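**Student:** Dropping the structure in here first, questions after.
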Amino acid sequence: MLLSTGLEHPNLETAVGLSEAALARGADLYLYLIDDGVRALDDPRVRALAGRGARLFVCAYGCQKRRIPLEDADTVTYCGLVVLTDLINGTDRFIALN
Amino acid sequence: MSGGAGGSGGAGAGPDNPPVVVLISADPRTSHRANEAMRIGLGITAGDNEVCFVLTGPAAHLLDGDTDDLVDGDDIAKFRATVKELGVPFRVEKTAIPDDPDWNAEGHEVIAVTRERIAELVRQGRRFLVF
């Protein structure tokens with residue numbers, strides 16, 4: 001799942017809801033935060049997804065543009081569009097919330 | 001500019017290799033998201049994917065000759081130049097193409113498409129990014 005909108009956008013509720021449902025069904029979930037979506041890291045529900053087995057990727061460029069410092073956290077992977085491309089190519093289903 | 005409604009993506013796109021459709025309707029004069037969508041599409045293109053860029057409505061201004069009035073205009077100029085180098089066309093909604101003679105001054109490959117054709121392109125896509 002790709003999320004490119006910020007905390008104020010209703011996409012966040014959709015992303016969290018779909019993610020929780022997917023994890024509850026035992027799916028492998030890869031969540032990629034990009035553009036304003038990098039701010040979703042501030043939402044504890046998004047953080048909690050990683051604790052439930054989701055892989056959390058965050059656009060390093062998006063953080064840099066917004067002067068958001070990169071954390072040294074095991075649950076978050078900062079990366080670029082190569083990883084997004086891998087997710088687009090390698091997943092059974094791909095949902096983009098923009 | 002081509003007026004045809006040819007293939008769905010780049011040179012290698014086809015039924016066995018459907019493209020990633022990047023549909024942009026955000027207005028680059030007021031939002032950074034049009035540029036961000038192009039950047040993302042470009043990144044996916046670099047990963048050996050066929051990417052089909054479709055510009056609808058005000059997103060056609062991504063091809064404005066003067067990028068000074070566009071949000072992240074310098075980046076737009078840079079990214080679209082790379083799109084051109086890669087030989088990836090922009091499919092632009094016919095009715096959205098501006099009258100400004102300076103539009104697409106750089107001569108990017110543009111395929112004018114109808115709304116009906118855009119619907120077909122979306123149906124033929126493998127993945128979709130809509131901004």
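Chains: A, B, ... in order of the structure tokens. Residues: from 1 per chain. Ligands: from 1, in order shown.
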Contacts of Leu7 of chain A at 12 Å or less, counting only C-alpha atoms, minus same-chain residues fewer than 3 places along, as number ranges by chain?

**Tutor:** A: 3-4, 10-16, 33, 35-46

**Student:** Quick one: write out the picked residues with N, CA and C atoms as a PDB file, in the first residue's frame?

**Tutor:**
```
ATOM      1  N   LEU A   3       0.888   5.345   0.512  1.00  0.00           N
ATOM      2  CA  LEU A   3       0.146   6.473   1.078  1.00  0.00           C
ATOM      3  C   LEU A   3       0.952   7.744   0.843  1.00  0.00           C
ATOM      4  N   SER A   4       0.334   8.702   0.141  1.00  0.00           N
ATOM      5  CA  SER A   4       1.075   9.934  -0.182  1.00  0.00           C
ATOM      6  C   SER A   4       0.439  11.181   0.433  1.00  0.00           C
ATOM      7  N   PRO A  10      -8.362  12.159   4.849  1.00  0.00           N
ATOM      8  CA  PRO A  10      -9.094  10.931   5.226  1.00  0.00           C
ATOM      9  C   PRO A  10      -8.445   9.644   4.717  1.00  0.00           C
ATOM     10  N   ASN A  11      -7.537   9.748   3.772  1.00  0.00           N
ATOM     11  CA  ASN A  11      -6.826   8.542   3.320  1.00  0.00           C
ATOM     12  C   ASN A  11      -6.142   7.820   4.475  1.00  0.00           C
ATOM     13  N   LEU A  12      -5.764   8.571   5.489  1.00  0.00           N
ATOM     14  CA  LEU A  12      -5.046   7.953   6.606  1.00  0.00           C
ATOM     15  C   LEU A  12      -5.930   6.922   7.307  1.00  0.00           C
ATOM     16  N   GLU A  13      -7.198   7.291   7.500  1.00  0.00           N
ATOM     17  CA  GLU A  13      -8.127   6.348   8.134  1.00  0.00           C
ATOM     18  C   GLU A  13      -8.272   5.096   7.266  1.00  0.00           C
ATOM     19  N   THR A  14      -8.382   5.325   5.961  1.00  0.00           N
ATOM     20  CA  THR A  14      -8.515   4.198   5.026  1.00  0.00           C
ATOM     21  C   THR A  14      -7.280   3.309   5.085  1.00  0.00           C
ATOM     22  N   ALA A  15      -6.131   3.938   5.085  1.00  0.00           N
ATOM     23  CA  ALA A  15      -4.882   3.171   5.095  1.00  0.00           C
ATOM     24  C   ALA A  15      -4.766   2.332   6.365  1.00  0.00           C
ATOM     25  N   VAL A  16      -5.078   2.950   7.486  1.00  0.00           N
ATOM     26  CA  VAL A  16      -4.979   2.226   8.759  1.00  0.00           C
ATOM     27  C   VAL A  16      -6.002   1.091   8.798  1.00  0.00           C
ATOM     28  N   LEU A  33       5.288   4.980   2.699  1.00  0.00           N
ATOM     29  CA  LEU A  33       4.867   6.361   2.924  1.00  0.00           C
ATOM     30  C   LEU A  33       5.713   7.282   2.050  1.00  0.00           C
ATOM     31  N   ASP A  35       5.835  11.357  -0.138  1.00  0.00           N
ATOM     32  CA  ASP A  35       5.326  12.734  -0.219  1.00  0.00           C
ATOM     33  C   ASP A  35       4.783  13.137   1.166  1.00  0.00           C
ATOM     34  N   ASP A  36       3.607  13.746   1.229  1.00  0.00           N
ATOM     35  CA  ASP A  36       3.076  14.151   2.545  1.00  0.00           C
ATOM     36  C   ASP A  36       2.786  12.949   3.437  1.00  0.00           C
ATOM     37  N   GLY A  37       2.737  11.787   2.836  1.00  0.00           N
ATOM     38  CA  GLY A  37       2.484  10.565   3.605  1.00  0.00           C
ATOM     39  C   GLY A  37       3.575  10.260   4.621  1.00  0.00           C
ATOM     40  N   VAL A  38       4.752  10.825   4.440  1.00  0.00           N
ATOM     41  CA  VAL A  38       5.824  10.556   5.418  1.00  0.00           C
ATOM     42  C   VAL A  38       5.437  11.071   6.802  1.00  0.00           C
ATOM     43  N   ARG A  39       4.541  12.044   6.830  1.00  0.00           N
ATOM     44  CA  ARG A  39       4.117  12.580   8.127  1.00  0.00           C
ATOM     45  C   ARG A  39       3.230  11.594   8.895  1.00  0.00           C
ATOM     46  N   ALA A  40       2.722  10.602   8.192  1.00  0.00           N
ATOM     47  CA  ALA A  40       1.887   9.598   8.857  1.00  0.00           C
ATOM     48  C   ALA A  40       2.676   8.805   9.894  1.00  0.00           C
ATOM     49  N   LEU A  41       3.981   8.914   9.834  1.00  0.00           N
ATOM     50  CA  LEU A  41       4.792   8.260  10.865  1.00  0.00           C
ATOM     51  C   LEU A  41       4.471   8.803  12.252  1.00  0.00           C
ATOM     52  N   ASP A  42       3.918  10.011  12.278  1.00  0.00           N
ATOM     53  CA  ASP A  42       3.576  10.613  13.570  1.00  0.00           C
ATOM     54  C   ASP A  42       2.305  10.023  14.170  1.00  0.00           C
ATOM     55  N   ASP A  43       1.604   9.225  13.370  1.00  0.00           N
ATOM     56  CA  ASP A  43       0.378   8.612  13.875  1.00  0.00           C
ATOM     57  C   ASP A  43       0.723   7.288  14.558  1.00  0.00           C
ATOM     58  N   PRO A  44       0.393   7.179  15.830  1.00  0.00           N
ATOM     59  CA  PRO A  44       0.760   5.954  16.555  1.00  0.00           C
ATOM     60  C   PRO A  44       0.141   4.687  15.964  1.00  0.00           C
ATOM     61  N   ARG A  45      -0.980   4.826  15.293  1.00  0.00           N
ATOM     62  CA  ARG A  45      -1.598   3.637  14.686  1.00  0.00           C
ATOM     63  C   ARG A  45      -0.735   3.098  13.556  1.00  0.00           C
ATOM     64  N   VAL A  46      -0.085   4.004  12.841  1.00  0.00           N
ATOM     65  CA  VAL A  46       0.808   3.575  11.768  1.00  0.00           C
ATOM     66  C   VAL A  46       2.032   2.884  12.368  1.00  0.00           C
TER      67      VAL A  46
END
```

**Student:** Define the interface residues of chain A facing chain B as those within 12 Å, counting only C-alpha atoms, and report them as a ChimeraX atom specification.

**Tutor:** /A:1-5,34-37,59,61-62,65,80-98

**Student:** How would you write, as a list in words, the set of residues in segment 54-125 of chain B that DSSP gives as strand (DSSP E or B)?

**Tutor:** Val54, Leu55, Phe90, Arg91, Val92, Glu93, Val110, Ile111, Ala112 and Val113 of chain B

**Student:** For atom CA of Asp72 of chain A and atom CA of Ala24 of chain A, determine how far apart the two atoms are, in Å to one decimal place.

**Tutor:** 27.7 Å
